>>> print(open('query07.txt').read())   # compact mmCIF, C-alpha atoms and all ligand atoms
# COMPACT_ATOMS: atom_id res chain seq x y z
CA MET A 1 -0.48 -57.24 -13.86
CA LYS A 2 -3.13 -55.71 -16.04
CA LEU A 3 -6.00 -53.62 -14.68
CA SER A 4 -8.32 -56.31 -15.98
CA ASP A 5 -6.52 -58.81 -13.68
CA VAL A 6 -6.86 -56.41 -10.76
CA ARG A 7 -10.52 -56.19 -11.47
CA SER A 8 -11.11 -59.92 -11.58
CA ALA A 9 -8.96 -60.58 -8.48
CA LEU A 10 -11.17 -58.22 -6.48
CA CYS A 11 -14.43 -59.15 -8.23
CA ALA A 12 -14.59 -55.41 -8.78
CA THR A 13 -17.06 -53.39 -10.80
CA LEU A 14 -15.67 -50.95 -13.34
CA ILE A 15 -17.26 -47.58 -12.67
CA THR A 16 -15.70 -45.61 -15.51
CA GLU A 17 -17.25 -47.76 -18.19
CA GLY A 18 -15.41 -48.08 -21.45
CA ASP A 19 -11.98 -47.50 -19.90
CA ASP A 20 -9.03 -49.45 -21.21
CA LEU A 21 -8.13 -52.22 -18.74
CA ASP A 22 -5.10 -53.43 -20.70
CA ARG A 23 -2.83 -51.02 -18.85
CA GLU A 24 -0.08 -52.69 -16.84
CA VAL A 25 0.32 -51.77 -13.17
CA SER A 26 2.96 -53.07 -10.78
CA SER A 27 2.38 -51.35 -7.45
CA ALA A 28 -0.38 -50.13 -5.19
CA CYS A 29 -1.14 -48.52 -1.86
CA GLY A 30 -4.13 -48.45 0.45
CA SER A 31 -5.12 -45.52 2.67
CA ASP A 32 -7.91 -43.25 3.80
CA MET A 33 -5.48 -40.45 4.63
CA MET A 34 -4.63 -38.52 1.49
CA SER A 35 -1.69 -36.67 3.06
CA ASP A 36 -0.13 -40.04 3.90
CA VAL A 37 -0.56 -41.11 0.30
CA LEU A 38 1.08 -37.86 -0.82
CA ALA A 39 3.94 -38.28 1.66
CA TYR A 40 5.30 -41.54 0.33
CA VAL A 41 4.85 -41.37 -3.40
CA LYS A 42 6.90 -43.94 -5.26
CA ASP A 43 5.12 -44.49 -8.53
CA GLN A 44 2.24 -46.47 -7.08
CA ALA A 45 -0.28 -46.88 -9.87
CA VAL A 46 -3.29 -48.03 -7.87
CA LEU A 47 -4.94 -46.51 -4.79
CA LEU A 48 -7.31 -48.52 -2.63
CA THR A 49 -9.43 -46.39 -0.33
CA GLY A 50 -12.58 -46.39 1.75
CA LEU A 51 -12.84 -42.62 1.46
CA VAL A 52 -15.41 -41.21 -0.93
CA ASN A 53 -14.60 -37.60 -1.69
CA PRO A 54 -13.39 -35.60 -4.71
CA GLN A 55 -10.06 -35.09 -2.93
CA VAL A 56 -9.36 -38.79 -3.47
CA ILE A 57 -9.41 -38.24 -7.22
CA ARG A 58 -7.37 -35.04 -6.89
CA THR A 59 -4.76 -36.86 -4.84
CA ALA A 60 -4.54 -39.63 -7.44
CA GLU A 61 -4.24 -36.98 -10.15
CA MET A 62 -1.37 -35.16 -8.44
CA ILE A 63 0.71 -38.33 -8.23
CA ASP A 64 -0.15 -39.71 -11.66
CA MET A 65 -2.05 -42.75 -10.45
CA VAL A 66 -3.78 -44.92 -13.00
CA CYS A 67 -6.62 -46.40 -11.00
CA VAL A 68 -8.61 -45.79 -7.80
CA ILE A 69 -10.49 -48.68 -6.19
CA PHE A 70 -13.19 -48.03 -3.60
CA VAL A 71 -13.46 -50.77 -1.00
CA ARG A 72 -16.46 -51.91 1.06
CA GLY A 73 -18.76 -51.38 -1.90
CA LYS A 74 -18.57 -47.61 -1.67
CA ALA A 75 -19.77 -45.64 -4.65
CA PRO A 76 -18.28 -42.36 -5.87
CA THR A 77 -20.49 -39.41 -6.75
CA ALA A 78 -21.20 -38.32 -10.33
CA GLU A 79 -18.91 -35.36 -9.76
CA MET A 80 -16.04 -37.64 -8.78
CA ILE A 81 -16.60 -39.85 -11.81
CA GLU A 82 -16.50 -36.83 -14.07
CA LEU A 83 -13.28 -35.58 -12.47
CA ALA A 84 -11.72 -39.02 -12.87
CA ARG A 85 -12.64 -39.11 -16.54
CA GLU A 86 -11.10 -35.67 -17.05
CA CYS A 87 -7.89 -36.91 -15.46
CA GLY A 88 -7.92 -40.26 -17.24
CA ILE A 89 -8.17 -42.22 -14.00
CA VAL A 90 -9.92 -45.60 -13.98
CA LEU A 91 -12.43 -46.11 -11.12
CA MET A 92 -13.53 -49.47 -9.71
CA ARG A 93 -15.32 -50.67 -6.64
CA THR A 94 -15.21 -53.88 -4.72
CA ASP A 95 -17.31 -55.28 -1.89
CA LEU A 96 -14.13 -56.48 -0.16
CA ARG A 97 -12.92 -54.54 2.82
CA MET A 98 -9.59 -52.74 2.83
CA TYR A 99 -7.54 -55.43 4.56
CA GLU A 100 -8.79 -58.19 2.32
CA ALA A 101 -8.60 -56.19 -0.90
CA CYS A 102 -4.97 -55.26 -0.19
CA GLY A 103 -4.16 -58.86 0.73
CA VAL A 104 -5.69 -60.22 -2.47
CA LEU A 105 -3.73 -57.81 -4.66
CA TYR A 106 -0.52 -58.35 -2.70
CA SER A 107 -0.79 -62.10 -3.19
CA ALA A 108 -1.49 -61.54 -6.86
CA GLY A 109 1.84 -59.77 -7.16
CA LEU A 110 0.98 -56.10 -6.75
CA ARG A 111 3.53 -54.73 -4.30
CA PRO A 112 4.15 -51.49 -2.49
CA ASN A 113 6.92 -49.65 -4.27
CA LYS A 114 9.83 -49.27 -1.90
CA MET B 1 16.64 -13.42 -18.13
CA SER B 2 13.29 -13.64 -19.88
CA GLU B 3 9.98 -12.74 -18.22
CA PRO B 4 8.62 -15.68 -16.25
CA TYR B 5 5.47 -17.45 -17.37
CA ARG B 6 2.89 -16.78 -14.67
CA MET B 7 -0.40 -18.30 -13.58
CA ASN B 8 -2.73 -16.75 -11.00
CA PHE B 9 -5.58 -18.36 -9.11
CA THR B 10 -8.13 -17.52 -6.48
CA VAL B 11 -8.70 -20.39 -4.08
CA ASP B 12 -12.29 -20.55 -2.85
CA GLY B 13 -12.44 -21.04 0.89
CA GLU B 14 -16.07 -22.14 0.97
CA ASN B 15 -15.62 -25.11 -1.24
CA PHE B 16 -13.94 -28.37 -0.22
CA THR B 17 -14.79 -29.87 -3.58
CA SER B 18 -12.94 -27.37 -5.74
CA ALA B 19 -9.83 -27.47 -3.54
CA GLY B 20 -7.08 -28.78 -5.77
CA ASP B 21 -8.48 -27.23 -8.90
CA ALA B 22 -5.65 -24.69 -9.20
CA SER B 23 -3.02 -27.39 -8.63
CA GLY B 24 -4.66 -29.54 -11.29
CA ARG B 25 -4.47 -26.68 -13.77
CA VAL B 26 -0.85 -25.99 -12.95
CA LYS B 27 -0.12 -29.65 -13.47
CA LYS B 28 -1.65 -29.56 -16.96
CA ALA B 29 0.16 -26.34 -17.87
CA LEU B 30 3.54 -27.68 -16.73
CA ARG B 31 2.93 -30.81 -18.75
CA GLN B 32 2.34 -28.66 -21.82
CA LEU B 33 5.51 -26.73 -21.09
CA GLY B 34 7.34 -30.07 -21.26
CA PHE B 35 8.68 -30.46 -17.70
CA SER B 36 9.60 -33.94 -16.45
CA PRO B 37 6.93 -35.97 -14.63
CA GLU B 38 9.08 -35.84 -11.48
CA ILE B 39 9.25 -32.03 -11.42
CA ILE B 40 5.57 -31.74 -12.24
CA ARG B 41 4.66 -34.13 -9.48
CA ARG B 42 6.73 -32.30 -6.87
CA VAL B 43 5.27 -28.93 -7.80
CA SER B 44 1.71 -30.17 -7.92
CA ILE B 45 1.85 -32.10 -4.62
CA ALA B 46 3.40 -29.13 -2.77
CA MET B 47 0.91 -26.71 -4.25
CA TYR B 48 -2.01 -29.05 -3.61
CA GLU B 49 -1.18 -29.40 0.08
CA GLY B 50 -0.84 -25.62 0.30
CA GLU B 51 -4.12 -25.12 -1.49
CA ILE B 52 -5.86 -27.53 0.86
CA ASN B 53 -4.37 -25.67 3.83
CA MET B 54 -5.69 -22.33 2.60
CA VAL B 55 -9.15 -23.87 2.28
CA ILE B 56 -9.24 -25.68 5.61
CA HIS B 57 -7.28 -23.26 7.79
CA ALA B 58 -7.54 -19.81 6.23
CA GLY B 59 -10.87 -19.46 4.43
CA GLY B 60 -9.26 -19.48 1.01
CA GLY B 61 -6.56 -17.37 -0.60
CA ARG B 62 -4.55 -16.68 -3.70
CA ALA B 63 -1.95 -18.64 -5.59
CA GLU B 64 0.65 -17.53 -8.08
CA VAL B 65 2.92 -19.89 -9.96
CA SER B 66 5.86 -18.50 -11.92
CA VAL B 67 8.08 -20.45 -14.25
CA PHE B 68 11.58 -18.99 -14.26
CA ASP B 69 14.53 -20.17 -16.35
CA ASP B 70 15.87 -22.50 -13.68
CA TYR B 71 13.11 -22.91 -11.09
CA ILE B 72 9.36 -22.88 -10.57
CA GLU B 73 8.02 -20.69 -7.79
CA ILE B 74 4.71 -21.18 -6.01
CA VAL B 75 3.41 -18.38 -3.80
CA LEU B 76 0.35 -19.04 -1.65
CA GLU B 77 -1.12 -16.11 0.20
CA ASP B 78 -4.10 -15.86 2.51
CA ASP B 79 -5.73 -13.48 4.99
CA GLY B 80 -6.45 -16.21 7.51
CA PRO B 81 -5.55 -16.57 11.19
CA GLY B 82 -1.81 -16.99 10.60
CA ILE B 83 0.43 -19.60 12.19
CA ALA B 84 1.43 -18.84 15.79
CA ASP B 85 4.25 -21.37 16.07
CA ILE B 86 5.84 -22.29 12.76
CA GLU B 87 8.21 -24.84 14.25
CA LEU B 88 5.31 -26.70 15.84
CA ALA B 89 3.21 -26.48 12.67
CA MET B 90 6.07 -28.00 10.67
CA GLN B 91 6.15 -31.14 12.82
CA GLU B 92 4.72 -34.27 11.25
CA GLY B 93 1.44 -35.08 12.91
CA PHE B 94 0.72 -31.63 14.32
CA SER B 95 -2.70 -30.43 13.24
CA THR B 96 -5.40 -28.08 14.44
CA ALA B 97 -7.79 -29.32 11.74
CA PRO B 98 -11.34 -30.06 12.89
CA GLU B 99 -12.86 -33.51 12.55
CA GLN B 100 -14.72 -32.77 9.28
CA VAL B 101 -11.39 -32.16 7.58
CA ARG B 102 -10.32 -35.72 8.37
CA ALA B 103 -13.44 -36.84 6.54
CA ILE B 104 -11.91 -35.55 3.29
CA GLY B 105 -8.62 -37.35 3.96
CA PHE B 106 -6.59 -34.43 5.29
CA GLY B 107 -5.83 -33.06 8.74
CA ALA B 108 -3.16 -35.62 9.58
CA GLY B 109 -0.58 -32.90 10.08
CA MET B 110 1.46 -33.95 7.06
CA GLY B 111 0.75 -31.01 4.75
CA LEU B 112 3.51 -28.57 5.66
CA PRO B 113 6.10 -31.38 6.02
CA ASN B 114 5.06 -32.67 2.59
CA MET B 115 5.42 -29.19 1.10
CA LYS B 116 8.92 -28.99 2.52
CA ARG B 117 9.77 -32.51 1.37
CA TYR B 118 8.85 -31.92 -2.26
CA THR B 119 10.39 -28.47 -2.73
CA ASP B 120 13.98 -27.21 -2.71
CA GLU B 121 13.17 -24.05 -0.79
CA MET B 122 10.24 -23.05 1.36
CA THR B 123 9.71 -19.88 3.39
CA ILE B 124 6.74 -19.07 5.58
CA ASP B 125 5.86 -15.46 6.35
CA THR B 126 2.98 -15.31 8.74
CA GLU B 127 1.36 -12.99 11.20
CA VAL B 128 -1.31 -14.04 13.67
CA MET B 129 -4.74 -12.65 12.78
CA LYS B 130 -3.42 -11.27 9.50
CA GLY B 131 -2.46 -14.10 7.22
CA THR B 132 0.16 -16.38 5.79
CA ARG B 133 2.37 -16.28 2.74
CA ILE B 134 4.24 -19.40 1.74
CA THR B 135 6.85 -19.29 -1.01
CA MET B 136 8.16 -22.54 -2.44
CA ARG B 137 10.70 -23.16 -5.16
CA VAL B 138 11.47 -26.25 -7.15
CA LYS B 139 14.67 -26.22 -9.19
CA THR B 140 14.22 -27.32 -12.76
CA VAL B 141 17.85 -27.61 -13.83
N1 LIG C 201 -2.52 -21.28 5.58
C1 LIG C 201 -2.59 -21.53 6.91
N2 LIG C 201 -3.19 -20.63 7.74
C2 LIG C 201 -3.26 -20.86 9.07
N3 LIG C 201 -2.78 -21.97 9.66
C3 LIG C 201 -2.19 -22.89 8.89
C4 LIG C 201 -2.06 -22.73 7.49
N4 LIG C 201 -1.41 -23.81 6.99
C5 LIG C 201 -1.14 -24.60 8.04
N5 LIG C 201 -1.60 -24.07 9.20
C6 LIG C 201 -1.45 -24.60 10.57
O1 LIG C 201 -0.41 -25.55 10.58
C7 LIG C 201 -0.90 -26.83 11.01
C8 LIG C 201 -0.17 -27.93 10.27
O2 LIG C 201 -0.45 -27.88 8.89
P1 LIG C 201 -0.33 -29.20 8.01
O3 LIG C 201 1.01 -29.78 8.24
O4 LIG C 201 -0.72 -28.91 6.61
O5 LIG C 201 -1.38 -30.19 8.69
P2 LIG C 201 -2.96 -30.25 8.58
O6 LIG C 201 -3.39 -29.38 7.46
O7 LIG C 201 -3.24 -31.68 8.36
O8 LIG C 201 -3.48 -29.77 9.90
C9 LIG C 201 -2.39 -26.79 10.70
O9 LIG C 201 -3.12 -27.68 11.48
C10 LIG C 201 -2.70 -25.32 11.04
O10 LIG C 201 -2.82 -25.13 12.43
MG MG C 202 -2.54 -29.48 5.60
>>> encode(input="query07.txt", output="structure tokens", more="lines below")
Ligand SMILES: Nc1ncnc2c1ncn2[C@@H]1O[C@H](COP(=O)(O)OP(=O)(O)O)[C@@H](O)[C@H]1O
Ligand SMILES: [Mg+2]
Amino acid sequence: MKLSDVRSALCATLITEGDDLDREVSSACGSDMMSDVLAYVKDQAVLLTGLVNPQVIRTAEMIDMVCVIFVRGKAPTAEMIELARECGIVLMRTDLRMYEACGVLYSAGLRPNK
Amino acid sequence: MSEPYRMNFTVDGENFTSAGDASGRVKKALRQLGFSPEIIRRVSIAMYEGEINMVIHAGGGRAEVSVFDDYIEIVLEDDGPGIADIELAMQEGFSTAPEQVRAIGFGAGMGLPNMKRYTDEMTIDTEVMKGTRITMRVKTV
């Protein structure tokens, strides 16, 4: 699905305004533990997280993720937004909680990459 | 054999925010050198975990990345407390990280295992109260 579909499925707000949402993504993962994310990398394009810290963006950068979505309405800092822009990572936020956000995207066809 | 291409970094131990900066730079440099995304990813994840470890466990340190003809070598060196029991430290889930480290998404005891997982060779030289030197190699051919 396209990032624009991800956004509408989650009623998410695009934080990095102006970013291209036509990019196709096919897999995602959800975690607040960055080392866990780094342990099982399999080309997941989207990271859902409740953690708000620059290391979230760094982690996404290291594994070539396309988009980070903050759940529970959390907002990244200006510093994180700048880092994401430098790395070409799209940032969104949704009011949904982790469990629901993952469920919505899973039902919409975004799968973990096995 | 030609001289390796080298990059050197100082990793600031006071700053949780800049942790990962060196790994990010290495990633960009390797991309410019034309390595495959898979190789770049393995090197940058291993180095990133090591960089984080130097920040959270050792008060910072130094990193050197060398690009040889057939492998990339990452050397991470610090003057921190050292690792008393390497075998224990290598176990998934073992961590001495304080609670505030978990707040940045690390401290799950997966760092050293991840470094081992993503590299072809990893050696740890460490002495308690003196420091730690971790050498990792990723084959490129
Ligand atoms: N550079 C280092 N200096 C001192 N101790 C370290 C260093 N790197 C790792 N350790 C020790 O090894 C343990 C396991 O490391 P790691 O697997 O990265 O897990 P974590 O960083 O989540 O604790 C750490 O909790 C720490 O006790
Ligand atoms: Mg660690």
>>> residues_near_ligand(input="query07.txt", ligand="ligand LIG 201 (chain C)", cutoff="9 Å", atoms="all atoms listed in the file", output="PyMOL selection string")
(chain A and resi 35) or (chain B and resi 49-61+76-86+88-98+101-102+105-115+126+128+131-134)
>>> residues_near_point(input="query07.txt", point="(-1.6, -31.0, -8.3)", cutoff="10 Å", atoms="all atoms listed in the file", output="PyMOL selection string")
(chain A and resi 58-64) or (chain B and resi 20-28+40-49+51)
>>> residues_around(input="query07.txt", residues="Gly73 of chain A", least_positions_apart="4", cutoff="8 Å", atoms="only C-alpha atoms", output="NGL selection string")
:A and (93-96)
>>> interface_residues(input="query07.txt", of="chain A", to="chain B", cutoff="10 Å", atoms="all atoms listed in the file", output="JSON, numbers by chain")
{"A": [31, 32, 33, 34, 35, 36, 37, 38, 39, 40, 41, 43, 51, 52, 53, 54, 55, 56, 57, 58, 59, 61, 62, 63, 64, 79, 80, 87]}
>>> residues_around(input="query07.txt", residues="Ile89 of chain A", least_positions_apart="5", cutoff="6 Å", atoms="only C-alpha atoms", output="count of residues only")
3
>>> residues_near_point(input="query07.txt", point="(6.3, -20.2, 0.0)", cutoff="7 Å", atoms="all atoms listed in the file", output="VMD selection string")
chain B and resid 74 to 76 122 to 124 133 to 136
>>> residues_around(input="query07.txt", residues="Tyr71 of chain B", least_positions_apart="6", cutoff="8 Å", atoms="only C-alpha atoms", output="list of chain:residue names")
B:Arg137, B:Val138, B:Lys139, B:Thr140, B:Val141
>>> decode(input="query07.txt", residues="segment 24-51 of chain A", atoms="N, CA and C atoms", output="tab-separated table (two decimals), in the first residue's frame")
chain	number	residue	atom	x	y	z
A	24	GLU	N	5.42	3.20	-2.08
A	24	GLU	CA	4.79	1.93	-1.75
A	24	GLU	C	5.51	1.28	-0.57
A	25	VAL	N	4.76	0.78	0.39
A	25	VAL	CA	5.36	0.00	1.48
A	25	VAL	C	4.58	-1.30	1.62
A	26	SER	N	5.28	-2.37	2.04
A	26	SER	CA	4.57	-3.65	2.12
A	26	SER	C	4.70	-4.32	3.48
A	27	SER	N	5.54	-3.76	4.36
A	27	SER	CA	5.69	-4.42	5.66
A	27	SER	C	5.98	-3.41	6.75
A	28	ALA	N	5.70	-3.83	7.98
A	28	ALA	CA	5.86	-2.91	9.11
A	28	ALA	C	6.22	-3.67	10.37
A	29	CYS	N	6.66	-2.94	11.38
A	29	CYS	CA	6.82	-3.55	12.70
A	29	CYS	C	6.52	-2.51	13.76
A	30	GLY	N	6.17	-2.99	14.95
A	30	GLY	CA	5.82	-2.08	16.04
A	30	GLY	C	6.62	-2.43	17.27
A	31	SER	N	7.32	-1.47	17.86
A	31	SER	CA	8.11	-1.75	19.06
A	31	SER	C	8.58	-0.46	19.74
A	32	ASP	N	8.78	-0.57	21.05
A	32	ASP	CA	9.41	0.53	21.78
A	32	ASP	C	10.85	0.19	22.13
A	33	MET	N	11.26	-1.03	21.79
A	33	MET	CA	12.65	-1.42	22.07
A	33	MET	C	13.45	-1.40	20.77
A	34	MET	N	14.35	-0.45	20.65
A	34	MET	CA	15.07	-0.29	19.39
A	34	MET	C	15.98	-1.47	19.09
A	35	SER	N	16.59	-2.07	20.13
A	35	SER	CA	17.45	-3.23	19.89
A	35	SER	C	16.66	-4.40	19.34
A	36	ASP	N	15.40	-4.52	19.73
A	36	ASP	CA	14.56	-5.59	19.18
A	36	ASP	C	14.29	-5.32	17.71
A	37	VAL	N	14.05	-4.07	17.40
A	37	VAL	CA	13.82	-3.70	16.00
A	37	VAL	C	15.07	-4.05	15.18
A	38	LEU	N	16.24	-3.73	15.75
A	38	LEU	CA	17.50	-3.97	15.04
A	38	LEU	C	17.83	-5.46	14.93
A	39	ALA	N	17.27	-6.26	15.84
A	39	ALA	CA	17.60	-7.68	15.85
A	39	ALA	C	16.91	-8.45	14.73
A	40	TYR	N	15.75	-8.02	14.33
A	40	TYR	CA	14.99	-8.82	13.37
A	40	TYR	C	14.65	-8.03	12.11
A	41	VAL	N	15.66	-7.43	11.54
A	41	VAL	CA	15.44	-6.62	10.35
A	41	VAL	C	15.18	-7.48	9.13
A	42	LYS	N	14.06	-7.24	8.49
A	42	LYS	CA	13.75	-7.96	7.26
A	42	LYS	C	13.05	-7.02	6.30
A	43	ASP	N	13.68	-5.90	6.04
A	43	ASP	CA	13.11	-4.97	5.06
A	43	ASP	C	11.77	-4.36	5.45
A	44	GLN	N	11.49	-4.28	6.75
A	44	GLN	CA	10.27	-3.57	7.14
A	44	GLN	C	10.44	-2.09	6.77
A	45	ALA	N	9.40	-1.53	6.19
A	45	ALA	CA	9.51	-0.15	5.72
A	45	ALA	C	8.96	0.85	6.73
A	46	VAL	N	8.08	0.35	7.61
A	46	VAL	CA	7.38	1.26	8.52
A	46	VAL	C	7.60	0.82	9.97
A	47	LEU	N	7.90	1.77	10.83
A	47	LEU	CA	8.04	1.49	12.26
A	47	LEU	C	6.97	2.23	13.04
A	48	LEU	N	6.19	1.48	13.82
A	48	LEU	CA	5.24	2.11	14.73
A	48	LEU	C	5.85	2.09	16.12
A	49	THR	N	5.83	3.20	16.82
A	49	THR	CA	6.44	3.23	18.14
A	49	THR	C	5.79	4.26	19.04
A	50	GLY	N	5.87	3.98	20.35
A	50	GLY	CA	5.37	4.93	21.33
A	50	GLY	C	6.53	5.69	21.95
A	51	LEU	N	7.73	5.38	21.48
A	51	LEU	CA	8.93	6.00	22.03
A	51	LEU	C	9.25	7.29	21.28
